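Shown here: structure39.txt, compact mmCIF, C-alpha atoms and all ligand atoms.
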```txt
# COMPACT_ATOMS: atom_id res chain seq x y z
CA MET A 1 113.81 94.79 70.42
CA ALA A 2 112.69 97.84 72.36
CA ARG A 3 109.63 95.92 73.53
CA ARG A 4 111.74 93.02 74.63
CA ARG A 5 114.05 95.20 76.66
CA LEU A 6 111.11 96.82 78.32
CA HIS A 7 109.83 93.39 79.16
CA ASP A 8 113.20 92.36 80.55
CA HIS A 9 113.24 95.38 82.82
CA ASP A 10 109.78 94.59 84.02
CA SER A 11 110.68 91.03 84.89
CA GLY A 12 113.15 92.12 87.52
CA GLU A 13 115.57 89.39 86.48
CA GLY A 14 119.18 89.99 87.41
CA LEU A 15 118.32 93.04 89.46
CA LEU A 16 119.30 93.71 93.05
CA SER A 17 116.37 93.68 95.45
CA VAL A 18 115.60 96.93 97.26
CA GLU A 19 116.63 95.28 100.53
CA GLU A 20 119.97 94.13 99.12
CA ALA A 21 120.66 97.55 97.66
CA ARG A 22 119.76 99.27 100.93
CA GLU A 23 122.03 96.91 102.83
CA LYS A 24 124.87 97.60 100.39
CA VAL A 25 124.48 101.30 101.08
CA LEU A 26 123.90 101.21 104.83
CA SER A 27 126.75 98.77 105.51
CA GLN A 28 129.13 101.45 104.19
CA ILE A 29 127.71 104.29 106.24
CA GLN A 30 128.87 105.19 109.74
CA PRO A 31 127.72 107.86 112.17
CA LEU A 32 129.86 111.00 111.82
CA ALA A 33 132.59 111.34 114.46
CA PRO A 34 131.20 113.05 117.57
CA LEU A 35 132.17 116.57 118.46
CA GLN A 36 131.22 119.22 120.95
CA LEU A 37 128.79 121.75 119.56
CA PRO A 38 127.13 124.77 121.14
CA LEU A 39 123.53 124.08 122.12
CA VAL A 40 122.03 126.03 119.22
CA GLU A 41 123.99 123.95 116.73
CA ALA A 42 123.41 120.72 118.63
CA ALA A 43 119.64 121.23 118.42
CA GLY A 44 118.15 118.23 116.63
CA CYS A 45 121.41 116.26 116.77
CA VAL A 46 121.89 112.92 118.50
CA LEU A 47 123.84 112.91 121.74
CA ALA A 48 126.99 110.78 121.41
CA GLU A 49 127.87 110.50 125.13
CA ASP A 50 125.63 110.41 128.18
CA ALA A 51 125.20 113.88 129.64
CA VAL A 52 125.65 113.55 133.41
CA ALA A 53 124.71 116.10 136.05
CA ASP A 54 127.76 117.19 138.04
CA HIS A 55 125.54 118.95 140.55
CA ALA A 56 121.97 118.82 141.80
CA LEU A 57 119.09 120.69 140.21
CA PRO A 58 117.78 122.91 141.65
CA ALA A 59 121.14 123.80 143.14
CA PHE A 60 119.59 125.70 146.07
CA ALA A 61 116.29 125.49 147.97
CA SER A 62 113.92 128.21 146.81
CA SER A 63 110.42 129.42 147.43
CA ALA A 64 107.60 128.27 145.17
CA MET A 65 105.38 131.19 146.25
CA ASP A 66 105.49 134.87 147.08
CA GLY A 67 105.12 135.01 150.87
CA PHE A 68 107.09 134.59 154.06
CA ALA A 69 109.84 132.21 155.02
CA VAL A 70 109.09 130.91 158.52
CA ARG A 71 109.81 128.17 161.00
CA ALA A 72 107.02 125.62 160.70
CA ASP A 73 107.03 125.14 164.49
CA ASP A 74 106.25 128.84 165.02
CA VAL A 75 103.11 128.81 162.86
CA ALA A 76 101.83 125.33 163.73
CA GLY A 77 98.60 126.49 165.39
CA ALA A 78 97.90 129.56 163.22
CA SER A 79 94.35 130.20 161.94
CA PRO A 80 92.30 133.28 160.96
CA ALA A 81 90.87 133.41 164.48
CA ASN A 82 94.22 132.76 166.08
CA ALA A 83 96.88 134.61 164.06
CA VAL A 84 100.55 134.14 164.92
CA GLU A 85 102.60 137.32 164.85
CA LEU A 86 106.19 137.05 163.66
CA LYS A 87 108.86 139.68 163.58
CA LEU A 88 109.82 140.67 160.04
CA VAL A 89 113.62 140.60 159.89
CA GLY A 90 114.35 140.97 156.20
CA ARG A 91 113.60 140.27 152.59
CA ALA A 92 114.89 137.36 150.43
CA LEU A 93 115.45 138.54 146.87
CA ILE A 94 115.64 136.53 143.67
CA GLY A 95 119.18 135.98 142.49
CA HIS A 96 120.83 136.74 145.84
CA ARG A 97 122.00 134.82 148.86
CA PRO A 98 119.69 135.93 151.71
CA ASP A 99 121.63 138.00 154.20
CA GLY A 100 119.45 137.28 157.22
CA THR A 101 118.47 134.05 158.92
CA VAL A 102 115.09 133.20 160.38
CA GLY A 103 115.25 132.73 164.12
CA ALA A 104 112.43 131.66 166.47
CA GLY A 105 109.48 134.06 166.17
CA GLU A 106 110.88 135.62 163.00
CA ALA A 107 109.96 135.73 159.33
CA ILE A 108 111.61 136.93 156.11
CA ALA A 109 109.57 138.18 153.15
CA ILE A 110 110.38 136.04 150.12
CA ALA A 111 109.68 136.15 146.36
CA THR A 112 108.99 133.12 144.15
CA GLY A 113 112.33 131.65 143.10
CA ALA A 114 114.35 133.37 145.84
CA PRO A 115 116.64 131.19 147.98
CA VAL A 116 115.12 130.11 151.30
CA PRO A 117 117.05 131.76 154.15
CA ALA A 118 118.80 129.64 156.74
CA GLY A 119 116.61 128.81 159.70
CA ALA A 120 113.35 128.77 157.72
CA ASP A 121 111.78 125.46 156.72
CA ALA A 122 108.42 126.51 155.27
CA ILE A 123 106.82 129.26 153.21
CA VAL A 124 103.47 130.85 154.04
CA PRO A 125 101.89 132.29 150.89
CA VAL A 126 101.22 136.03 151.04
CA GLU A 127 97.45 135.53 150.80
CA ASN A 128 97.43 133.80 154.21
CA THR A 129 99.18 136.70 155.90
CA GLU A 130 98.78 140.32 156.78
CA ASP A 131 101.65 142.76 156.70
CA ALA A 132 101.78 145.00 159.75
CA GLY A 133 104.96 147.02 159.41
CA ASP A 134 107.62 145.31 161.50
CA LEU A 135 105.32 142.37 162.07
CA VAL A 136 103.57 139.89 159.87
CA ARG A 137 100.39 138.10 160.92
CA ILE A 138 100.14 134.49 159.84
CA PHE A 139 96.66 132.99 159.49
CA GLU A 140 97.51 129.45 158.53
CA GLY A 141 99.89 126.74 159.68
CA SER A 142 102.52 125.47 157.27
CA ALA A 143 104.14 122.03 157.66
CA PRO A 144 107.91 121.76 157.16
CA GLY A 145 108.79 121.87 153.45
CA THR A 146 105.56 123.55 152.35
CA HIS A 147 106.07 125.60 149.15
CA VAL A 148 109.81 124.99 149.31
CA ARG A 149 111.50 123.67 146.17
CA PRO A 150 114.19 121.46 147.67
CA VAL A 151 117.74 121.00 146.39
CA GLY A 152 117.94 118.13 143.90
CA GLU A 153 114.18 117.78 143.52
CA ASP A 154 114.55 117.71 139.73
CA VAL A 155 117.94 116.02 139.26
CA ARG A 156 120.34 114.53 141.77
CA ALA A 157 124.07 115.04 141.27
CA GLY A 158 125.63 112.20 139.27
CA THR A 159 122.48 111.13 137.48
CA THR A 160 122.20 110.91 133.69
CA LEU A 161 120.36 113.89 132.28
CA VAL A 162 120.11 112.72 128.69
CA GLN A 163 121.22 109.33 127.42
CA ARG A 164 123.49 108.93 124.44
CA GLY A 165 121.50 108.11 121.33
CA ARG A 166 118.75 110.55 122.22
CA ARG A 167 118.02 113.41 119.89
CA LEU A 168 118.25 116.83 121.46
CA GLY A 169 114.81 118.37 121.24
CA ALA A 170 113.45 121.44 122.99
CA ALA A 171 113.25 119.98 126.51
CA GLU A 172 116.66 118.28 126.33
CA LEU A 173 118.31 121.51 125.24
CA GLY A 174 116.74 123.36 128.16
CA LEU A 175 117.81 120.66 130.59
CA LEU A 176 121.43 120.70 129.36
CA ALA A 177 121.48 124.48 129.60
CA SER A 178 120.19 124.29 133.19
CA ALA A 179 122.81 121.75 134.09
CA GLY A 180 125.67 123.84 132.68
CA ILE A 181 126.41 121.67 129.65
CA PRO A 182 126.57 124.31 126.91
CA HIS A 183 128.65 122.17 124.51
CA PRO A 184 127.22 118.64 124.44
CA VAL A 185 128.98 115.88 122.49
CA VAL A 186 126.86 115.07 119.45
CA HIS A 187 127.03 113.57 116.00
CA PRO A 188 127.17 116.63 113.74
CA ARG A 189 124.86 117.20 110.79
CA PRO A 190 126.37 115.82 107.60
CA ARG A 191 127.19 118.44 105.00
CA VAL A 192 125.96 117.05 101.74
CA VAL A 193 127.06 118.43 98.38
CA VAL A 194 124.30 118.31 95.78
CA LEU A 195 124.97 118.29 92.02
CA SER A 196 122.61 118.16 89.07
CA THR A 197 124.01 116.69 85.87
CA GLY A 198 122.62 117.40 82.42
CA ASP A 199 123.29 119.50 79.32
CA GLU A 200 119.57 120.29 79.17
CA LEU A 201 119.32 121.84 82.65
CA VAL A 202 118.92 125.49 83.55
CA PRO A 203 118.46 127.01 87.01
CA PRO A 204 114.86 127.71 88.08
CA THR A 205 115.51 131.43 87.73
CA ASP A 206 116.09 131.02 83.98
CA GLU A 207 113.62 130.81 81.12
CA PRO A 208 114.32 127.49 79.40
CA THR A 209 114.71 127.53 75.61
CA TYR A 210 112.81 124.80 73.78
CA GLY A 211 114.03 121.43 74.99
CA GLN A 212 115.72 122.71 78.11
CA VAL A 213 114.33 121.89 81.56
CA ARG A 214 114.66 123.64 84.86
CA ASP A 215 116.70 121.87 87.49
CA ALA A 216 114.11 120.40 89.84
CA ASN A 217 116.24 117.75 91.50
CA ALA A 218 118.64 120.01 93.35
CA TYR A 219 115.68 121.53 95.18
CA THR A 220 113.94 118.24 95.88
CA ILE A 221 117.18 116.95 97.35
CA PHE A 222 117.81 120.18 99.22
CA GLY A 223 114.39 119.96 100.89
CA ALA A 224 114.73 116.28 101.64
CA LEU A 225 118.17 116.79 103.19
CA ARG A 226 116.92 119.64 105.36
CA GLU A 227 113.98 117.54 106.53
CA ALA A 228 116.32 114.67 107.36
CA GLY A 229 118.53 117.00 109.42
CA ALA A 230 121.51 117.32 107.08
CA SER A 231 123.12 120.54 105.83
CA PRO A 232 122.81 120.72 102.06
CA VAL A 233 125.40 122.52 99.95
CA LEU A 234 124.15 123.22 96.42
CA ALA A 235 127.00 122.88 93.95
CA GLY A 236 124.81 123.71 90.95
CA ILE A 237 124.41 122.26 87.48
CA VAL A 238 127.20 120.24 85.94
CA ARG A 239 127.24 119.60 82.20
CA ASP A 240 127.45 116.08 80.81
CA ASP A 241 131.19 116.41 80.82
CA VAL A 242 133.36 113.93 82.69
CA ASP A 243 136.11 116.39 83.54
CA GLN A 244 133.72 119.06 84.74
CA LEU A 245 131.93 116.58 86.99
CA ARG A 246 135.15 115.25 88.50
CA GLU A 247 136.47 118.74 89.00
CA THR A 248 133.29 119.89 90.73
CA VAL A 249 133.26 116.86 93.01
CA PHE A 250 136.90 117.21 94.00
CA GLU A 251 136.57 120.95 94.48
CA HIS A 252 133.89 120.30 97.08
CA LEU A 253 135.58 117.37 98.79
CA ILE A 254 136.91 119.47 101.65
CA GLN A 255 133.47 120.64 102.75
CA ALA A 256 131.58 117.41 102.08
CA ASP A 257 130.56 114.54 104.30
CA ALA A 258 128.67 113.05 101.35
CA PHE A 259 127.70 113.75 97.74
CA ILE A 260 124.45 113.37 95.89
CA SER A 261 124.20 113.78 92.14
CA SER A 262 121.18 113.27 89.97
CA GLY A 263 121.12 112.08 86.37
CA GLY A 264 123.71 110.32 84.28
CA VAL A 265 123.59 106.85 85.84
CA SER A 266 121.58 104.81 83.37
CA VAL A 267 122.81 102.78 80.45
CA GLY A 268 123.30 105.55 77.87
CA GLU A 269 126.74 106.26 76.43
CA ARG A 270 126.66 109.82 77.67
CA ASP A 271 125.87 108.91 81.24
CA VAL A 272 128.36 111.18 82.83
CA VAL A 273 128.45 109.95 86.43
CA LYS A 274 129.17 106.47 85.25
CA ALA A 275 131.80 107.68 82.80
CA ALA A 276 133.51 109.80 85.46
CA PHE A 277 133.69 107.33 88.30
CA PHE A 278 133.00 103.80 87.11
CA LYS A 279 136.39 103.10 85.60
CA ARG A 280 138.14 104.45 88.68
CA GLY A 281 136.22 101.92 90.73
CA ASP A 282 134.97 104.58 93.13
CA ILE A 283 131.32 104.02 92.50
CA GLY A 284 129.35 100.89 91.76
CA PHE A 285 126.34 101.02 89.47
CA TYR A 286 123.38 98.85 90.23
CA ARG A 287 120.07 98.02 88.74
CA VAL A 288 117.58 97.72 91.56
CA ALA A 289 114.24 95.90 91.28
CA MET A 290 112.20 98.99 91.99
CA GLN A 291 110.06 101.43 90.05
CA PRO A 292 110.83 104.26 89.85
CA GLY A 293 114.54 104.40 90.60
CA MET A 294 115.99 101.33 88.93
CA PRO A 295 119.48 102.63 88.06
CA GLN A 296 121.50 103.64 91.12
CA GLY A 297 125.12 104.54 91.65
CA PHE A 298 126.71 104.28 95.06
CA GLY A 299 130.25 104.29 96.35
CA GLN A 300 132.87 106.40 98.09
CA ILE A 301 134.98 109.26 96.81
CA GLU A 302 138.01 109.60 99.08
CA GLY A 303 136.01 107.95 101.84
CA LYS A 304 132.94 110.18 101.40
CA PRO A 305 129.71 108.41 100.42
CA TYR A 306 128.54 109.28 96.91
CA PHE A 307 124.96 108.70 95.85
CA GLY A 308 124.46 108.75 92.09
CA LEU A 309 120.69 109.02 91.80
CA PRO A 310 118.81 108.68 88.52
CA GLY A 311 117.67 111.84 86.72
CA ASN A 312 113.92 111.68 86.66
CA PRO A 313 112.42 113.86 89.38
CA VAL A 314 110.18 111.16 90.86
CA SER A 315 113.04 108.66 90.79
CA VAL A 316 115.09 111.18 92.72
CA PHE A 317 112.42 111.60 95.36
CA VAL A 318 111.85 107.87 95.77
CA SER A 319 115.58 106.99 95.70
CA PHE A 320 116.19 109.58 98.38
CA GLU A 321 113.46 108.10 100.57
CA VAL A 322 114.63 104.53 100.10
CA PHE A 323 118.43 104.86 100.19
CA VAL A 324 119.66 108.34 101.03
CA ARG A 325 117.42 109.28 103.93
CA PRO A 326 118.24 106.20 106.00
CA ALA A 327 121.93 106.77 105.26
CA ILE A 328 121.74 110.40 106.36
CA LEU A 329 119.93 109.38 109.55
CA LYS A 330 122.62 106.79 110.22
CA MET A 331 125.32 109.45 109.74
CA LEU A 332 123.41 111.57 112.25
CA GLY A 333 123.64 108.71 114.76
CA ARG A 334 119.95 107.93 114.59
CA THR A 335 118.92 104.33 115.03
CA GLN A 336 115.33 104.40 113.80
CA LEU A 337 115.99 104.79 110.08
CA ASP A 338 112.58 103.98 108.67
CA ARG A 339 109.59 106.12 107.96
CA PRO A 340 106.37 105.19 109.70
CA GLU A 341 104.30 102.67 107.77
CA VAL A 342 100.58 102.11 107.73
CA SER A 343 98.42 99.54 106.07
CA ALA A 344 95.88 101.28 103.84
CA THR A 345 93.09 100.26 101.49
CA LEU A 346 93.56 101.32 97.88
CA THR A 347 90.69 103.36 96.45
CA ALA A 348 91.81 102.65 92.86
CA ASP A 349 93.84 100.04 91.00
CA VAL A 350 97.59 100.50 90.93
CA ARG A 351 99.41 98.85 88.07
CA GLY A 352 103.04 98.04 88.50
CA PRO A 353 105.86 96.20 86.77
CA LYS A 354 105.57 92.64 87.97
CA GLY A 355 109.22 91.99 88.71
CA LYS A 356 109.83 95.13 90.73
CA LEU A 357 108.72 96.69 93.96
CA GLN A 358 106.64 99.64 92.93
CA PHE A 359 106.50 102.83 94.95
CA ALA A 360 103.22 104.47 94.00
CA ARG A 361 102.52 108.02 95.07
CA VAL A 362 99.36 108.11 97.15
CA GLU A 363 97.43 110.41 99.37
CA VAL A 364 96.63 108.63 102.61
CA ARG A 365 93.57 109.70 104.52
CA ARG A 366 91.67 108.25 107.42
CA GLY A 367 88.44 106.73 106.10
CA ALA A 368 85.47 105.19 107.87
CA GLY A 369 87.13 101.78 108.05
CA GLY A 370 90.75 102.84 108.53
CA TRP A 371 93.45 104.34 106.31
CA GLU A 372 92.67 104.80 102.62
CA ALA A 373 95.25 105.40 99.92
CA THR A 374 94.35 107.21 96.69
CA PRO A 375 96.88 107.32 93.85
CA THR A 376 97.76 110.91 92.97
CA GLY A 377 98.43 110.31 89.29
CA GLY A 378 100.23 108.29 86.67
CA ARG A 379 103.19 106.04 87.05
CA GLY A 380 105.66 108.08 84.95
CA SER A 381 108.83 108.93 86.83
CA ASN A 382 108.88 112.44 85.37
CA LEU A 383 105.56 113.41 86.98
CA ILE A 384 106.78 115.44 89.95
CA SER A 385 103.35 116.97 90.65
CA THR A 386 102.14 113.50 91.65
CA VAL A 387 104.64 113.56 94.51
CA ALA A 388 103.73 117.07 95.58
CA ARG A 389 100.11 115.96 96.01
CA ALA A 390 101.02 112.79 97.91
CA ASN A 391 101.89 112.07 101.52
CA GLY A 392 102.91 108.47 101.12
CA LEU A 393 104.49 105.86 98.91
CA ALA A 394 102.40 102.73 98.55
CA MET A 395 104.59 99.68 98.15
CA VAL A 396 103.23 97.23 95.61
CA PRO A 397 105.43 94.16 95.94
CA ALA A 398 107.20 92.46 93.05
CA GLY A 399 104.94 89.75 91.70
CA THR A 400 101.77 91.83 91.88
CA GLU A 401 101.02 93.18 88.44
CA THR A 402 97.96 95.09 89.56
CA ALA A 403 97.08 95.92 93.13
CA LEU A 404 93.31 96.13 92.98
CA ALA A 405 91.06 98.78 94.44
CA GLY A 406 89.84 97.52 97.80
CA SER A 407 93.03 95.58 98.55
CA ASP A 408 95.40 96.56 101.33
CA VAL A 409 98.88 97.90 100.71
CA LYS A 410 101.67 99.03 102.99
CA VAL A 411 102.30 102.75 102.71
CA MET A 412 105.42 104.57 103.83
CA LEU A 413 104.36 108.00 105.09
CA PHE A 414 106.74 110.80 104.19
CA ARG A 415 104.83 113.76 105.54
CA SER A 416 102.42 114.21 108.38
CA SER A 417 98.88 114.50 107.19
CA GLU A 418 97.59 118.05 107.51
CA ASP A 419 100.55 120.25 106.66
P1 LIG A 501 119.26 111.09 82.84
O1 LIG A 501 119.27 109.89 83.68
O2 LIG A 501 120.40 112.00 83.09
O3 LIG A 501 119.17 110.71 81.38
O4 LIG A 501 117.94 111.89 83.17
C1 LIG A 501 116.69 111.28 83.02
C2 LIG A 501 115.60 112.32 82.82
O5 LIG A 501 115.55 113.16 83.95
C3 LIG A 501 115.82 113.25 81.64
O6 LIG A 501 114.58 113.49 81.05
C4 LIG A 501 116.37 114.50 82.28
O7 LIG A 501 116.09 115.66 81.54
C5 LIG A 501 115.64 114.52 83.59
N1 LIG A 501 116.44 115.24 84.57
C6 LIG A 501 117.72 114.98 84.87
N2 LIG A 501 118.18 115.81 85.81
C7 LIG A 501 117.14 116.62 86.12
C8 LIG A 501 116.99 117.70 87.02
N3 LIG A 501 118.00 118.10 87.82
N4 LIG A 501 115.78 118.31 87.09
C9 LIG A 501 114.76 117.91 86.31
N5 LIG A 501 114.85 116.89 85.44
C10 LIG A 501 116.03 116.26 85.33
MG MG A 502 121.27 113.44 82.04
```

Before anything else, please render the file you have as structure tokens.
Amino acid sequence: MARRRLHDHDSGEGLLSVEEAREKVLSQIQPLAPLQLPLVEAAGCVLAEDAVADHALPAFASSAMDGFAVRADDVAGASPANAVELKLVGRALIGHRPDGTVGAGEAIAIATGAPVPAGADAIVPVENTEDAGDLVRIFEGSAPGTHVRPVGEDVRAGTTLVQRGRRLGAAELGLLASAGIPHPVVHPRPRVVVLSTGDELVPPTDEPTYGQVRDANAYTIFGALREAGASPVLAGIVRDDVDQLRETVFEHLIQADAFISSGGVSVGERDVVKAAFFKRGDIGFYRVAMQPGMPQGFGQIEGKPYFGLPGNPVSVFVSFEVFVRPAILKMLGRTQLDRPEVSATLTADVRGPKGKLQFARVEVRRGAGGWEATPTGGRGSNLISTVARANGLAMVPAGTETALAGSDVKVMLFRSSED
């Protein structure tokens, strides 16, 4: 009987395909409502409205060099052998409106970044001059506009600085700050409440008694959420107790944009997530044609997405990659939801259940003839060290019982190679 059931699972019959399951999840996920956030909180978030410049940048013409602001006409014929002497009538300081103007035969000393005084139309760098008290000698001509940073050279008033849909990285943040947009309208980071279910679990700070295990999943999920750009809220370990689970979930509702629990979603009688939410109709439970990660729960609690992931640590990691990460990115307003994929040559056989898409942990490296993927260990969904050594998930499609060494597989890369 046990053998037969195992075989049934392997066949993939009656299971949802990974694509169908992903679609079921993503069709119920919307970007979080936009709000204005200070730049430091908006960092990494997706802009929800175009940011438009209401004035030009730079806002005033300034000098690009330390030197002298002059009239180009006055210095047109200047050379070392034929210096032009100008009367020094002032000094243009950074951060101040120049008080003087440059008339014919006059110059004003100017620092890099200082506003160009009225009357001047060119800057002569200090190295082409000689200071002589009330006079300055100019040894080189300077065409109009030379070393002047004109108004609007960077951005003209009314132009779009950053388009909606773009993630605010370092340069975008600096640009918005320059343009006086300190509170851009963005999709905020989802706050995601993380629960671990299981009577056997203890926190990683505790010494487990025989048969107990330390809660790994909360930390895997925490890290994965952080990497995806969400704000995780760890709600701790919940016993296999329906009331305790419900209570913990509802207690956290106010601060949650989504929930993720691990464990308690398979077929066992004591599967607590199922027992707590299935009868209420809040969460659907699916068997997905994938390995690891076949049992999945997904639904909404009071309009907040709830992901009921399986309990095994590798299943958690893979389920997060396949279902949760794209959903989090969608909540963040991102449009590219997929990890980068490469085609890589297997360096060893990978056996998989024939009716399911298998996600095999591999280390991808660049070989002589292109990418190579080496399995990092066994197939068991409890073997978390195999994930920690990997940088990709090789996808062995349903229908392939063994992907042979030397054959090519698609690999989803979940971390960049050398870190
Ligand atoms: P379950 O689906 O709740 O029966 O869990 C499946 C397997 O995953 C069991 O061996 C659990 O002990 C293990 N497991 C569940 N939750 C965690 C967790 N948070 N950390 C580590 N292992 C877990
Ligand atoms: Mg459990």

Contacts with ligand MG 502 (chain A) at most 10 Å, all atoms listed in the file counted, listed as a PyMOL selection string: chain A and resi 196-201+238-240+262-266+268+270-273+310-312

6 Å contact set for A:Ser381, only C-alpha atoms, chain neighbours under 2 positions out, as a VMD selection string: chain A and resid 292 312 314 to 315 383

Emit as AutoDock Vina command-line options the padded axis-aligned box for all listed atoms of stretch 133-146 of chain A, 6 Å per side, with centre and edge lengths in Å to one decimal.
```
--center_x 102.7 --center_y 134.4 --center_z 157.2 --size_x 24.1 --size_y 37.3 --size_z 21.7
```

Shell of 7 Å around stretch 36-38 of chain A, only C-alpha atoms, local chain residues under 3 positions omitted, as a ChimeraX atom specification: /A:41-42,182-186

Long-range neighbours of stretch 191-193 of chain A as a CSV table (one decimal) with C-alpha atoms, in the coordinates of the input, 10 Å cut-off, all atoms listed in the file, 2 positions minimum in chain:
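The result, stored in part-v3.csv:
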```
chain,number,residue,atom,x,y,z
A,188,PRO,CA,127.2,116.6,113.7
A,189,ARG,CA,124.9,117.2,110.8
A,195,LEU,CA,125.0,118.3,92.0
A,218,ALA,CA,118.6,120.0,93.4
A,221,ILE,CA,117.2,117.0,97.4
A,222,PHE,CA,117.8,120.2,99.2
A,225,LEU,CA,118.2,116.8,103.2
A,229,GLY,CA,118.5,117.0,109.4
A,230,ALA,CA,121.5,117.3,107.1
A,231,SER,CA,123.1,120.5,105.8
A,232,PRO,CA,122.8,120.7,102.1
A,233,VAL,CA,125.4,122.5,100.0
A,234,LEU,CA,124.2,123.2,96.4
A,235,ALA,CA,127.0,122.9,94.0
A,236,GLY,CA,124.8,123.7,91.0
A,248,THR,CA,133.3,119.9,90.7
A,249,VAL,CA,133.3,116.9,93.0
A,252,HIS,CA,133.9,120.3,97.1
A,253,LEU,CA,135.6,117.4,98.8
A,255,GLN,CA,133.5,120.6,102.8
A,256,ALA,CA,131.6,117.4,102.1
A,257,ASP,CA,130.6,114.5,104.3
A,258,ALA,CA,128.7,113.0,101.4
A,259,PHE,CA,127.7,113.8,97.7
A,260,ILE,CA,124.4,113.4,95.9
A,261,SER,CA,124.2,113.8,92.1
A,304,LYS,CA,132.9,110.2,101.4
A,305,PRO,CA,129.7,108.4,100.4
A,306,TYR,CA,128.5,109.3,96.9
A,328,ILE,CA,121.7,110.4,106.4
```

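Between A:Ala390 and the residues A:Leu329, A:Val409, A:Ala373, A:Ala114, the shortest atom-to-atom distance, using all atoms listed in the file, involves A:Ala373.
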
Residues within 12 Å of A:Ala122, all atoms listed in the file, excluding chain neighbours under 3 positions, as a ChimeraX atom specification: /A:61-65,67-76,102,107-110,115-119,125,140-150

Test item: residues at most 12 Å from A:Ala179, all atoms listed in the file, excluding those fewer than 5 positions along its chain, as a ChimeraX atom specification: /A:51-59,152,154-162,172-174,184

Residues within 10 Å of (112.8, 144.9, 153.7), counting all atoms listed in the file, listed as an NGL selection string: :A and (88-93 or 108-110 or 133-134)

A:Leu15, A:Leu309, A:Leu393, A:Leu176 ranked by distance to ligand LIG 501 (chain A), top pick (using only C-alpha atoms and all ligand atoms): A:Leu309

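The coordinates place atom CA of A:Gly355 at 21.0 Å from atom CA of A:Phe317.
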
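Among the candidates A:Pro31, A:Gly392, A:Gly308, A:Gly293, the one nearest to A:His187 when counting all atoms listed in the file is A:Pro31.
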